[in-house]
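Participant: Please see the structure below; I have some questions.
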Amino acid sequence: MPHFFRCTSLVLGIGLSVGALAPALAQTKTPKYSNEFLNIGVGGRALGMGKVQVSLADDATAGYWNPAGLASQKTKYDAVLMHSELFSGIVKNDYAAFSMALDDKSAIGASFIRLGVDDIADTRALVNEYGYINYDNIRYFSVADYAVLLSYARKIGSVEGLQVGANAKVVYRNIGSFANAIGFGLDAGAQYQRNNWRLALMARDITTTYNAWSINSEEYEGYAVETDAIPKNSTEITLPTFVLGVGRTVKLPSEFTATAAVDLELTTDGQRNTLVSSKVVSLDPRAGLELGYKQLVYLRGGVGNIQQIQSFTGQEEWKMQPSLGVGLALSGLRLDMALSRLAVEKLGQQSQPTSIIVSLGYGIK
């Protein structure tokens, strides 16, 4: 399964079964897939290219992909909005970002991300003390993850083409009135441009991000199964992730351009189901291509999340997540749409649900 499928499946499982939440939170937190909602990706351009953006990002979305890219933005101000819905609209994913150049060498930015499931019915009190069903006792709550990123980028004058950046990150996770967590972390990135080549390195959670969970144990009293312990306050950690990126833009005849890029994501939270994996680190490669015409219309494609799965027949095979996208840029306005498919096995037959992502960007000189 793709990484974001694990994340949103976890959110759904928590939200739809509060009874199952208690023992889950009571267990010791492991670092694997912590804060995974931050790995879903943002921006129609990036998601249409298979999330290959570390070396290419040069607008407000760079605050997410690689803050160093903010120093390359082409306008004084830039803003991006994105909304997508996953799993037939059950999971809502929203993103907003703004960036501005301070001078010809530095820039700042701010990003906001929310992933959530809303209006989840809490039916634990549906049957009253007399054994009768009372629908007025149904309560509704939301399960949501939030993140705010504050970014700074600067060109290094002593090395032509080199720019660096960093994020200060605040994470807030909420499970209705049952539990919430707050976390802090830092990201750092660099981009180097030479002719038509772009090299980049992004280090997420470089200091290790800690989420401190606060549990409202009173919400569980009288409802928890006798064999289940009421969860207690705990700490969850997110280990560093490193992404190495390389990209190149080539001018083609008749005012066409082609941009190709590859990202190599290295995780340090143990063995994952990736193309290259070990008990210490795992390597997940991604590739993307963008064809443009007159810097006006763009066609994009990408592949990523290469994983080995086992079908219902017991046969193991490699699967990858493809994506497609289109873009339109006109007078500072950018409209980008991406189509991404999740490789899912359903009842012994392959099912390919499609996720549609739309983002809108605007730059002001």
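Residues in the structure tokens are numbered from 1 in each chain, the chains being A, B, ... in the order shown, and ligands are numbered from 1 in the order shown.
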Could you pull out the residues in range 212-340 of chain A that DSSP calls strand (DSSP E or B) from the backbone, as a ChimeraX atom specification?

Facilitator: /A:212-215,234-238,241-252,256-267,276-277,282-293,297-310,316-330,333-340

Participant: Identify, on the basis of only C-alpha atoms, every residue whose closest approach to Ile182 in chain A does not exceed 10 Å; exclude the query and any residue fewer than 4 positions from it along the same chain; express the result as a list in words.

Facilitator: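 The neighbour list is Asp145, Tyr146, Ala147, Val170, Val171, Tyr172, Arg173, Asn174, Tyr210, Asn211, Ala212, Trp213, Ser214, Thr235 and Glu236 of chain A.
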
Participant: Can those selected residues be exported to a file as a PDB file, in the first residue's frame so that it contains N, CA and C atoms?

Facilitator:
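The result, stored in out-v9.pdb:
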ATOM      1  N   ASP A 145      -5.435  16.013  11.961  1.00  0.00           N
ATOM      2  CA  ASP A 145      -4.026  16.337  12.168  1.00  0.00           C
ATOM      3  C   ASP A 145      -3.752  17.691  11.529  1.00  0.00           C
ATOM      4  N   TYR A 146      -3.005  18.545  12.239  1.00  0.00           N
ATOM      5  CA  TYR A 146      -2.683  19.887  11.761  1.00  0.00           C
ATOM      6  C   TYR A 146      -1.168  20.097  11.816  1.00  0.00           C
ATOM      7  N   ALA A 147      -0.687  20.928  10.909  1.00  0.00           N
ATOM      8  CA  ALA A 147       0.727  21.306  10.945  1.00  0.00           C
ATOM      9  C   ALA A 147       0.881  22.725  10.423  1.00  0.00           C
ATOM     10  N   VAL A 170       5.303  23.058  13.764  1.00  0.00           N
ATOM     11  CA  VAL A 170       4.442  22.775  14.914  1.00  0.00           C
ATOM     12  C   VAL A 170       3.350  21.824  14.452  1.00  0.00           C
ATOM     13  N   VAL A 171       3.172  20.730  15.170  1.00  0.00           N
ATOM     14  CA  VAL A 171       2.182  19.710  14.824  1.00  0.00           C
ATOM     15  C   VAL A 171       1.151  19.608  15.948  1.00  0.00           C
ATOM     16  N   TYR A 172      -0.126  19.561  15.560  1.00  0.00           N
ATOM     17  CA  TYR A 172      -1.202  19.362  16.535  1.00  0.00           C
ATOM     18  C   TYR A 172      -2.104  18.257  16.013  1.00  0.00           C
ATOM     19  N   ARG A 173      -2.348  17.239  16.851  1.00  0.00           N
ATOM     20  CA  ARG A 173      -3.201  16.120  16.479  1.00  0.00           C
ATOM     21  C   ARG A 173      -4.324  16.009  17.494  1.00  0.00           C
ATOM     22  N   ASN A 174      -5.552  15.831  16.984  1.00  0.00           N
ATOM     23  CA  ASN A 174      -6.716  15.857  17.853  1.00  0.00           C
ATOM     24  C   ASN A 174      -7.653  14.697  17.544  1.00  0.00           C
ATOM     25  N   TYR A 210       9.008  15.438  18.384  1.00  0.00           N
ATOM     26  CA  TYR A 210       8.354  14.774  19.510  1.00  0.00           C
ATOM     27  C   TYR A 210       6.898  15.242  19.604  1.00  0.00           C
ATOM     28  N   ASN A 211       5.979  14.286  19.650  1.00  0.00           N
ATOM     29  CA  ASN A 211       4.569  14.577  19.895  1.00  0.00           C
ATOM     30  C   ASN A 211       4.216  14.127  21.306  1.00  0.00           C
ATOM     31  N   ALA A 212       3.782  15.046  22.133  1.00  0.00           N
ATOM     32  CA  ALA A 212       3.386  14.717  23.505  1.00  0.00           C
ATOM     33  C   ALA A 212       1.868  14.548  23.545  1.00  0.00           C
ATOM     34  N   TRP A 213       1.409  13.315  23.807  1.00  0.00           N
ATOM     35  CA  TRP A 213      -0.018  13.015  23.827  1.00  0.00           C
ATOM     36  C   TRP A 213      -0.599  13.265  25.220  1.00  0.00           C
ATOM     37  N   SER A 214      -1.754  13.925  25.233  1.00  0.00           N
ATOM     38  CA  SER A 214      -2.498  14.160  26.465  1.00  0.00           C
ATOM     39  C   SER A 214      -3.839  13.441  26.347  1.00  0.00           C
ATOM     40  N   THR A 235       4.527   9.792  24.736  1.00  0.00           N
ATOM     41  CA  THR A 235       5.301  10.590  23.775  1.00  0.00           C
ATOM     42  C   THR A 235       5.563   9.761  22.523  1.00  0.00           C
ATOM     43  N   GLU A 236       5.348  10.374  21.387  1.00  0.00           N
ATOM     44  CA  GLU A 236       5.569   9.739  20.094  1.00  0.00           C
ATOM     45  C   GLU A 236       6.667  10.503  19.370  1.00  0.00           C
TER      46      GLU A 236
END

Participant: What separation in Å, quoted to one decimal, exists between CA of Ser217 in chain A and CA of Ala179 in chain A?

Facilitator: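 Separation of CA of Ser217 in chain A and CA of Ala179 in chain A: 8.5 Å.
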
Participant: Using only C-alpha atoms, find each residue of range 53-125 of chain A with at least one atom at most 8 Å away from an atom of range 356-361 of chain A; report its shortest atom-to-atom pair and that distance in Å (one decimal), sort the rows by chain and rising residue number, and return the result as a Markdown table.

Facilitator:
| residue | atom | partner | partner_atom | distance |
| --- | --- | --- | --- | --- |
| A:Asp78 | CA | A:Gly361 | CA | 7.3 |
| A:Ala79 | CA | A:Gly361 | CA | 5.5 |
| A:Val80 | CA | A:Gly361 | CA | 4.2 |
| A:Leu81 | CA | A:Leu360 | CA | 5.2 |
| A:Met82 | CA | A:Ser359 | CA | 4.2 |
| A:His83 | CA | A:Val358 | CA | 6.2 |
| A:Ser84 | CA | A:Ile357 | CA | 4.9 |
| A:Glu85 | CA | A:Ile356 | CA | 7.4 |

Participant: Mind dumping the selected residues with N, CA, C and O atoms as a tab-separated table (two decimals), in the first residue's frame?

Facilitator:
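Listed below is the output, result-v4.tsv:
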chain	number	residue	atom	x	y	z
A	78	ASP	N	3.75	35.03	-3.31
A	78	ASP	CA	3.17	33.83	-3.92
A	78	ASP	C	2.28	33.13	-2.90
A	78	ASP	O	2.59	33.10	-1.70
A	79	ALA	N	1.17	32.58	-3.39
A	79	ALA	CA	0.23	31.88	-2.51
A	79	ALA	C	-0.32	30.66	-3.23
A	79	ALA	O	-0.50	30.68	-4.45
A	80	VAL	N	-0.60	29.61	-2.47
A	80	VAL	CA	-1.14	28.36	-3.03
A	80	VAL	C	-2.22	27.83	-2.10
A	80	VAL	O	-2.06	27.84	-0.87
A	81	LEU	N	-3.32	27.36	-2.71
A	81	LEU	CA	-4.39	26.68	-1.98
A	81	LEU	C	-4.62	25.31	-2.61
A	81	LEU	O	-4.55	25.17	-3.83
A	82	MET	N	-4.91	24.32	-1.79
A	82	MET	CA	-5.18	22.99	-2.31
A	82	MET	C	-6.24	22.30	-1.45
A	82	MET	O	-6.28	22.46	-0.23
A	83	HIS	N	-7.11	21.54	-2.14
A	83	HIS	CA	-8.09	20.71	-1.43
A	83	HIS	C	-8.18	19.38	-2.16
A	83	HIS	O	-8.23	19.33	-3.39
A	84	SER	N	-8.19	18.30	-1.41
A	84	SER	CA	-8.39	16.98	-2.00
A	84	SER	C	-9.19	16.14	-1.01
A	84	SER	O	-9.20	16.39	0.19
A	85	GLU	N	-9.88	15.14	-1.56
A	85	GLU	CA	-10.68	14.24	-0.75
A	85	GLU	C	-10.29	12.81	-1.08
A	85	GLU	O	-10.21	12.43	-2.26
